[in-house]
Amino acid sequence: MAALAIGLTVQPATAAAAPAPDAELDAHALQSALDKLTAAGAPAALAEVRVGDKTWSGASGVRDTRTKRPARPGDRYRIASVTKSMVAAVVMQLVDEGRLKLDDPVSQHLPGLLPYKEPITVRQLLNHTSGVPNYFDQLYSETGDKELEEMERNRYRYFPPRDLIKMAAKKPLVSKPGTEFHYSNTNYLVIGQLIEKKTGRSLGTELERRVFRPAGMKDTSYPVVNPYLTGPHVDGYHLVEGRPARDVTVYTPSVWGAAAGVVSTNADVNRFFRALSDGTLLSAARWAEMREFSVAPYALGVAPGGDLCPARPGEYLWGNTGNGFGYRTMSFSSPDGRRQLSFSWTLSVSEVDGPPAVSKAVNDLVMAAVGATCPQKG
């Protein structure tokens, strides 16, 4: 969630009095901002910025530090927690179909999966107010060299989602359900189990038929066992202070599952968020409900970000961020889907913010990308 703060540093501005023409994307300024990110230490950085019918895509750096092949805008990468937005969209579709309700207790559909006496609802799982502990904190609790040892030990290990849920549920609730925000990947593993229970099909099948295919996401997949990335992709690197960055591209994705397991491209991530808002995936009412938040700035699988040029005063950009092994992702769109930015870089660190130079370069890229989509005046 610390990465989300980058998006929130851009504050909403006063809207123009009348509609203005779409922006002219400044390719030089956008590419320069992307290059600064690799100059700051990320092996590769990829981006796609869109406004109306105009799209700019760019890449900087290398696919891998061994061969130094140049990165390409359409390269695939692990999108980490942006996965949650796609899984949440499936839940909202099931709500639209009358197959479940957001305020249903999880125990109604998955009896015995969560052992807590307090009722926990589907909504609370989606917006991270369930209080269920994060299994990731137990799997990866070390730092420095020991952290690298944990990562290496789990690299080819298959984790059934129910085993990870049970691991987390051995701990007491972090807070009373519905009262506080506590980010937990366990929430979305439970949501994945709920989707499979209600549809009778695997989560991967439901993502493909309900999200990827309708949205035109041809370069997107949800691997569960295969640790290798297929097709053109950028390698991911993890940095521990005092050590060379380690290539962590190859990793069994079951450790992320429904919380962070999707592989995609910036173009496909933009297609997804556009499909959320244009009626392809959800009704207008359900998309609006998906963006409602109260306890924390995190709604039902999507989060708000500030905007330099909202269509209406106080309007947010909407999207999500991802922080996985070797990869960082950020994607935000205007509520109508006309203005979009998605980008990623291939350097993860123990501390989410990372090296100051990288954090500054990311923030500058956000500002450049958001500003580039502002409608022209006059």
# chains A, B, ... in the order shown; residues from 1 in each chain; ligands from 1

call {"tool": "residues_around", "arguments": {"residues": "Gln193 in chain A", "least_positions_apart": "4", "cutoff": "9 Å", "atoms": "only C-alpha atoms", "output": "ChimeraX atom specification"}}
result
/A:110,161-162,188-189,197-198,202-203,258

call {"tool": "write_last_selection", "arguments": {"atoms": "all heavy atoms", "output": "PDB file, in the first residue's frame"}}
result
ATOM      1  N   LEU A 110     -18.645 -20.911   2.064  1.00  0.00           N
ATOM      2  CA  LEU A 110     -17.448 -21.734   2.302  1.00  0.00           C
ATOM      3  C   LEU A 110     -17.385 -22.103   3.781  1.00  0.00           C
ATOM      4  O   LEU A 110     -16.522 -21.634   4.523  1.00  0.00           O
ATOM      5  CB  LEU A 110     -16.194 -20.952   1.891  1.00  0.00           C
ATOM      6  CG  LEU A 110     -16.072 -20.570   0.416  1.00  0.00           C
ATOM      7  CD1 LEU A 110     -14.933 -19.574   0.223  1.00  0.00           C
ATOM      8  CD2 LEU A 110     -15.851 -21.812  -0.462  1.00  0.00           C
ATOM      9  N   PRO A 161      -3.955 -23.162  -2.330  1.00  0.00           N
ATOM     10  CA  PRO A 161      -4.491 -21.969  -1.682  1.00  0.00           C
ATOM     11  C   PRO A 161      -5.096 -22.230  -0.309  1.00  0.00           C
ATOM     12  O   PRO A 161      -4.950 -21.424   0.604  1.00  0.00           O
ATOM     13  CB  PRO A 161      -5.533 -21.450  -2.676  1.00  0.00           C
ATOM     14  CG  PRO A 161      -5.759 -22.567  -3.639  1.00  0.00           C
ATOM     15  CD  PRO A 161      -4.513 -23.365  -3.671  1.00  0.00           C
ATOM     16  N   ARG A 162      -5.735 -23.380  -0.144  1.00  0.00           N
ATOM     17  CA  ARG A 162      -6.339 -23.665   1.160  1.00  0.00           C
ATOM     18  C   ARG A 162      -5.273 -23.854   2.246  1.00  0.00           C
ATOM     19  O   ARG A 162      -5.515 -23.543   3.414  1.00  0.00           O
ATOM     20  CB  ARG A 162      -7.259 -24.890   1.075  1.00  0.00           C
ATOM     21  CG  ARG A 162      -8.596 -24.563   0.396  1.00  0.00           C
ATOM     22  CD  ARG A 162      -9.542 -25.725   0.365  1.00  0.00           C
ATOM     23  NE  ARG A 162     -10.843 -25.310  -0.147  1.00  0.00           N
ATOM     24  CZ  ARG A 162     -11.928 -25.149   0.593  1.00  0.00           C
ATOM     25  NH1 ARG A 162     -11.872 -25.383   1.906  1.00  0.00           N
ATOM     26  NH2 ARG A 162     -13.073 -24.762   0.059  1.00  0.00           N
ATOM     27  N   TYR A 188      -7.888 -12.405  -0.720  1.00  0.00           N
ATOM     28  CA  TYR A 188      -8.172 -12.730  -2.113  1.00  0.00           C
ATOM     29  C   TYR A 188      -7.988 -14.214  -2.419  1.00  0.00           C
ATOM     30  O   TYR A 188      -8.593 -14.729  -3.368  1.00  0.00           O
ATOM     31  CB  TYR A 188      -7.359 -11.828  -3.041  1.00  0.00           C
ATOM     32  CG  TYR A 188      -8.088 -10.516  -3.231  1.00  0.00           C
ATOM     33  CD1 TYR A 188      -8.103  -9.555  -2.226  1.00  0.00           C
ATOM     34  CD2 TYR A 188      -8.840 -10.270  -4.371  1.00  0.00           C
ATOM     35  CE1 TYR A 188      -8.812  -8.375  -2.362  1.00  0.00           C
ATOM     36  CE2 TYR A 188      -9.559  -9.094  -4.527  1.00  0.00           C
ATOM     37  CZ  TYR A 188      -9.549  -8.152  -3.520  1.00  0.00           C
ATOM     38  OH  TYR A 188     -10.280  -6.988  -3.655  1.00  0.00           O
ATOM     39  N   LEU A 189      -7.204 -14.921  -1.626  1.00  0.00           N
ATOM     40  CA  LEU A 189      -7.188 -16.376  -1.775  1.00  0.00           C
ATOM     41  C   LEU A 189      -8.556 -16.944  -1.408  1.00  0.00           C
ATOM     42  O   LEU A 189      -9.051 -17.870  -2.063  1.00  0.00           O
ATOM     43  CB  LEU A 189      -6.106 -17.000  -0.899  1.00  0.00           C
ATOM     44  CG  LEU A 189      -4.647 -16.696  -1.239  1.00  0.00           C
ATOM     45  CD1 LEU A 189      -3.727 -17.671  -0.506  1.00  0.00           C
ATOM     46  CD2 LEU A 189      -4.383 -16.745  -2.732  1.00  0.00           C
ATOM     47  N   LYS A 197     -16.141 -22.091  -5.993  1.00  0.00           N
ATOM     48  CA  LYS A 197     -17.305 -22.768  -5.408  1.00  0.00           C
ATOM     49  C   LYS A 197     -18.596 -22.365  -6.126  1.00  0.00           C
ATOM     50  O   LYS A 197     -19.448 -23.210  -6.416  1.00  0.00           O
ATOM     51  CB  LYS A 197     -17.393 -22.412  -3.915  1.00  0.00           C
ATOM     52  CG  LYS A 197     -18.595 -23.008  -3.201  1.00  0.00           C
ATOM     53  CD  LYS A 197     -18.488 -24.520  -3.095  1.00  0.00           C
ATOM     54  CE  LYS A 197     -19.668 -25.112  -2.317  1.00  0.00           C
ATOM     55  NZ  LYS A 197     -19.647 -24.702  -0.886  1.00  0.00           N
ATOM     56  N   LYS A 198     -18.755 -21.083  -6.418  1.00  0.00           N
ATOM     57  CA  LYS A 198     -20.008 -20.598  -7.008  1.00  0.00           C
ATOM     58  C   LYS A 198     -20.132 -20.916  -8.493  1.00  0.00           C
ATOM     59  O   LYS A 198     -21.240 -20.975  -9.031  1.00  0.00           O
ATOM     60  CB  LYS A 198     -20.139 -19.091  -6.802  1.00  0.00           C
ATOM     61  CG  LYS A 198     -20.152 -18.640  -5.347  1.00  0.00           C
ATOM     62  CD  LYS A 198     -21.192 -19.379  -4.509  1.00  0.00           C
ATOM     63  CE  LYS A 198     -22.614 -19.054  -4.894  1.00  0.00           C
ATOM     64  NZ  LYS A 198     -23.586 -19.732  -4.003  1.00  0.00           N
ATOM     65  N   SER A 202     -12.420 -23.552 -12.367  1.00  0.00           N
ATOM     66  CA  SER A 202     -11.212 -22.985 -11.783  1.00  0.00           C
ATOM     67  C   SER A 202     -11.201 -21.474 -11.929  1.00  0.00           C
ATOM     68  O   SER A 202     -11.841 -20.912 -12.839  1.00  0.00           O
ATOM     69  CB  SER A 202      -9.967 -23.567 -12.454  1.00  0.00           C
ATOM     70  OG  SER A 202      -9.833 -23.056 -13.773  1.00  0.00           O
ATOM     71  N   LEU A 203     -10.472 -20.813 -11.053  1.00  0.00           N
ATOM     72  CA  LEU A 203     -10.358 -19.361 -11.145  1.00  0.00           C
ATOM     73  C   LEU A 203      -9.738 -18.959 -12.478  1.00  0.00           C
ATOM     74  O   LEU A 203     -10.174 -17.976 -13.098  1.00  0.00           O
ATOM     75  CB  LEU A 203      -9.522 -18.830  -9.991  1.00  0.00           C
ATOM     76  CG  LEU A 203      -9.253 -17.320 -10.005  1.00  0.00           C
ATOM     77  CD1 LEU A 203     -10.544 -16.526  -9.953  1.00  0.00           C
ATOM     78  CD2 LEU A 203      -8.329 -16.927  -8.860  1.00  0.00           C
ATOM     79  N   ALA A 258      -4.763 -16.085  -6.353  1.00  0.00           N
ATOM     80  CA  ALA A 258      -5.795 -15.101  -6.654  1.00  0.00           C
ATOM     81  C   ALA A 258      -5.438 -13.701  -6.176  1.00  0.00           C
ATOM     82  O   ALA A 258      -6.060 -12.722  -6.581  1.00  0.00           O
ATOM     83  CB  ALA A 258      -7.120 -15.533  -6.022  1.00  0.00           C
TER      84      ALA A 258
END

call {"tool": "closest_atom_pairs", "arguments": {"of": "range 53-170 of chain A", "to": "range 180-185 of chain A", "cutoff": "12 Å", "atoms": "only C-alpha atoms", "output": "Markdown table"}}
result
| residue | atom | partner | partner_atom | distance |
| --- | --- | --- | --- | --- |
| A:Ala80 | CA | A:Asn185 | CA | 10.7 |
| A:Ser81 | CA | A:Asn185 | CA | 8.6 |
| A:Val82 | CA | A:Asn185 | CA | 11.8 |
| A:Thr83 | CA | A:Asn185 | CA | 10.9 |
| A:Lys84 | CA | A:Asn185 | CA | 9.0 |
| A:Gln124 | CA | A:Phe181 | CA | 9.2 |
| A:Leu125 | CA | A:Ser184 | CA | 8.7 |
| A:Leu126 | CA | A:Ser184 | CA | 9.9 |
| A:Asn127 | CA | A:Phe181 | CA | 7.7 |
| A:His128 | CA | A:Tyr183 | CA | 5.3 |
| A:Thr129 | CA | A:Phe181 | CA | 4.7 |
| A:Ser130 | CA | A:His182 | CA | 7.8 |
| A:Gly131 | CA | A:His182 | CA | 6.3 |
| A:Val132 | CA | A:Ser184 | CA | 7.0 |
| A:Pro133 | CA | A:Ser184 | CA | 6.2 |
| A:Asn134 | CA | A:Ser184 | CA | 4.4 |
| A:Tyr135 | CA | A:Asn185 | CA | 7.0 |
| A:Phe136 | CA | A:Asn185 | CA | 7.1 |
| A:Asp137 | CA | A:Ser184 | CA | 9.1 |
| A:Gln138 | CA | A:Asn185 | CA | 11.7 |
| A:Leu139 | CA | A:Asn185 | CA | 11.9 |
| A:Pro161 | CA | A:Asn185 | CA | 10.9 |
| A:Leu164 | CA | A:Asn185 | CA | 9.8 |
| A:Ile165 | CA | A:Asn185 | CA | 9.5 |
| A:Ala168 | CA | A:Ser184 | CA | 9.6 |
| A:Ala169 | CA | A:Ser184 | CA | 11.7 |

call {"tool": "closest_residue", "arguments": {"among": "A:Leu100, A:Asp53, A:Tyr316, A:Met167", "to": "Ile191 in chain A", "atoms": "only C-alpha atoms"}}
result
A:Leu100

call {"tool": "closest_residue", "arguments": {"among": "A:Arg157, A:Leu148, A:Pro119, A:Ser141", "to": "Pro244 in chain A", "atoms": "only C-alpha atoms"}}
result
A:Leu148

call {"tool": "closest_atom_pairs", "arguments": {"of": "range 149-208 of chain A", "to": "range 218-233 of chain A", "cutoff": "12 Å", "atoms": "only C-alpha atoms", "output": "JSON lines"}}
result
{"residue": "A:Asn154", "atom": "CA", "partner": "A:Pro227", "partner_atom": "CA", "distance": 11.2}
{"residue": "A:Arg155", "atom": "CA", "partner": "A:Pro227", "partner_atom": "CA", "distance": 8.1}
{"residue": "A:Tyr156", "atom": "CA", "partner": "A:Pro227", "partner_atom": "CA", "distance": 7.0}
{"residue": "A:Arg157", "atom": "CA", "partner": "A:Val225", "partner_atom": "CA", "distance": 9.0}
{"residue": "A:Tyr158", "atom": "CA", "partner": "A:Val225", "partner_atom": "CA", "distance": 6.9}
{"residue": "A:Phe159", "atom": "CA", "partner": "A:Val225", "partner_atom": "CA", "distance": 9.2}
{"residue": "A:Pro160", "atom": "CA", "partner": "A:Val224", "partner_atom": "CA", "distance": 9.6}
{"residue": "A:Pro161", "atom": "CA", "partner": "A:Val224", "partner_atom": "CA", "distance": 10.3}
{"residue": "A:Ser202", "atom": "CA", "partner": "A:Val224", "partner_atom": "CA", "distance": 10.6}
{"residue": "A:Leu203", "atom": "CA", "partner": "A:Tyr222", "partner_atom": "CA", "distance": 8.5}
{"residue": "A:Gly204", "atom": "CA", "partner": "A:Tyr222", "partner_atom": "CA", "distance": 5.6}
{"residue": "A:Thr205", "atom": "CA", "partner": "A:Tyr222", "partner_atom": "CA", "distance": 8.8}
{"residue": "A:Glu206", "atom": "CA", "partner": "A:Tyr222", "partner_atom": "CA", "distance": 10.2}
{"residue": "A:Leu207", "atom": "CA", "partner": "A:Tyr222", "partner_atom": "CA", "distance": 7.8}
{"residue": "A:Glu208", "atom": "CA", "partner": "A:Ser221", "partner_atom": "CA", "distance": 7.6}

call {"tool": "select_by_dssp", "arguments": {"residues": "range 46-109 of chain A", "states": "strand (DSSP E)", "output": "list in words"}}
result
Leu46, Ala47, Glu48, Val49, Arg50, Val51, Lys54, Thr55, Trp56, Ser57, Gly58, Ala59, Ser60, Gly61, Tyr77 and Arg78 of chain A

call {"tool": "atom_distance", "arguments": {"atom1": "CA of Val91 in chain A", "atom2": "CA of Leu282 in chain A"}}
result
10.4 Å

call {"tool": "residues_around", "arguments": {"residues": "Ala29 in chain A", "least_positions_apart": "3", "cutoff": "10 Å", "atoms": "only C-alpha atoms", "output": "list in words"}}
result
Leu25, Asp26, Ser32, Ala33, Leu34, Asp35, Leu365, Ala368, Ala369 and Ala372 of chain A

call {"tool": "write_last_selection", "arguments": {"atoms": "N, CA, C and O atoms", "output": "mmCIF file, in the first residue's frame"}}
result
data_model
loop_
_atom_site.group_PDB
_atom_site.id
_atom_site.type_symbol
_atom_site.label_atom_id
_atom_site.label_comp_id
_atom_site.auth_asym_id
_atom_site.auth_seq_id
_atom_site.Cartn_x
_atom_site.Cartn_y
_atom_site.Cartn_z
ATOM 1 N N LEU A 25 -0.348 13.743 -26.670
ATOM 2 C CA LEU A 25 0.647 13.076 -25.841
ATOM 3 C C LEU A 25 2.058 13.491 -26.266
ATOM 4 O O LEU A 25 2.411 13.411 -27.444
ATOM 5 N N ASP A 26 2.844 13.939 -25.296
ATOM 6 C CA ASP A 26 4.209 14.388 -25.536
ATOM 7 C C ASP A 26 5.145 13.190 -25.429
ATOM 8 O O ASP A 26 5.585 12.815 -24.331
ATOM 9 N N SER A 32 11.377 10.399 -21.779
ATOM 10 C CA SER A 32 12.404 10.922 -20.882
ATOM 11 C C SER A 32 12.135 10.504 -19.439
ATOM 12 O O SER A 32 13.049 10.112 -18.708
ATOM 13 N N ALA A 33 10.875 10.577 -19.022
ATOM 14 C CA ALA A 33 10.511 10.170 -17.658
ATOM 15 C C ALA A 33 10.752 8.679 -17.452
ATOM 16 O O ALA A 33 11.196 8.240 -16.382
ATOM 17 N N LEU A 34 10.484 7.883 -18.481
ATOM 18 C CA LEU A 34 10.714 6.440 -18.402
ATOM 19 C C LEU A 34 12.211 6.142 -18.312
ATOM 20 O O LEU A 34 12.642 5.290 -17.518
ATOM 21 N N ASP A 35 13.013 6.858 -19.100
ATOM 22 C CA ASP A 35 14.464 6.653 -19.084
ATOM 23 C C ASP A 35 15.070 7.006 -17.728
ATOM 24 O O ASP A 35 16.047 6.389 -17.292
ATOM 25 N N LEU A 365 7.422 10.064 -13.106
ATOM 26 C CA LEU A 365 6.737 9.413 -14.214
ATOM 27 C C LEU A 365 5.225 9.491 -14.046
ATOM 28 O O LEU A 365 4.490 9.735 -15.014
ATOM 29 N N ALA A 368 4.212 13.014 -14.966
ATOM 30 C CA ALA A 368 4.298 13.235 -16.407
ATOM 31 C C ALA A 368 3.165 12.530 -17.146
ATOM 32 O O ALA A 368 2.551 13.102 -18.064
ATOM 33 N N ALA A 369 2.875 11.287 -16.725
ATOM 34 C CA ALA A 369 1.844 10.507 -17.412
ATOM 35 C C ALA A 369 0.450 11.079 -17.163
ATOM 36 O O ALA A 369 -0.366 11.191 -18.086
ATOM 37 N N ALA A 372 0.139 14.351 -19.011
ATOM 38 C CA ALA A 372 0.065 14.191 -20.461
ATOM 39 C C ALA A 372 -1.341 13.883 -20.952
ATOM 40 O O ALA A 372 -1.648 14.089 -22.135
#

call {"tool": "closest_residue", "arguments": {"among": "A:Ala45, A:Ala357, A:Ala284, A:Met290", "to": "Gly319 in chain A", "atoms": "only C-alpha atoms"}}
result
A:Met290

call {"tool": "closest_residue", "arguments": {"among": "A:Arg291, A:Ser254, A:Ser342, A:Thr179", "to": "Glu315 in chain A", "atoms": "only C-alpha atoms"}}
result
A:Arg291

call {"tool": "closest_residue", "arguments": {"among": "A:Leu281, A:Val240, A:Ser60, A:Phe293", "to": "Glu142 in chain A", "atoms": "only C-alpha atoms"}}
result
A:Val240
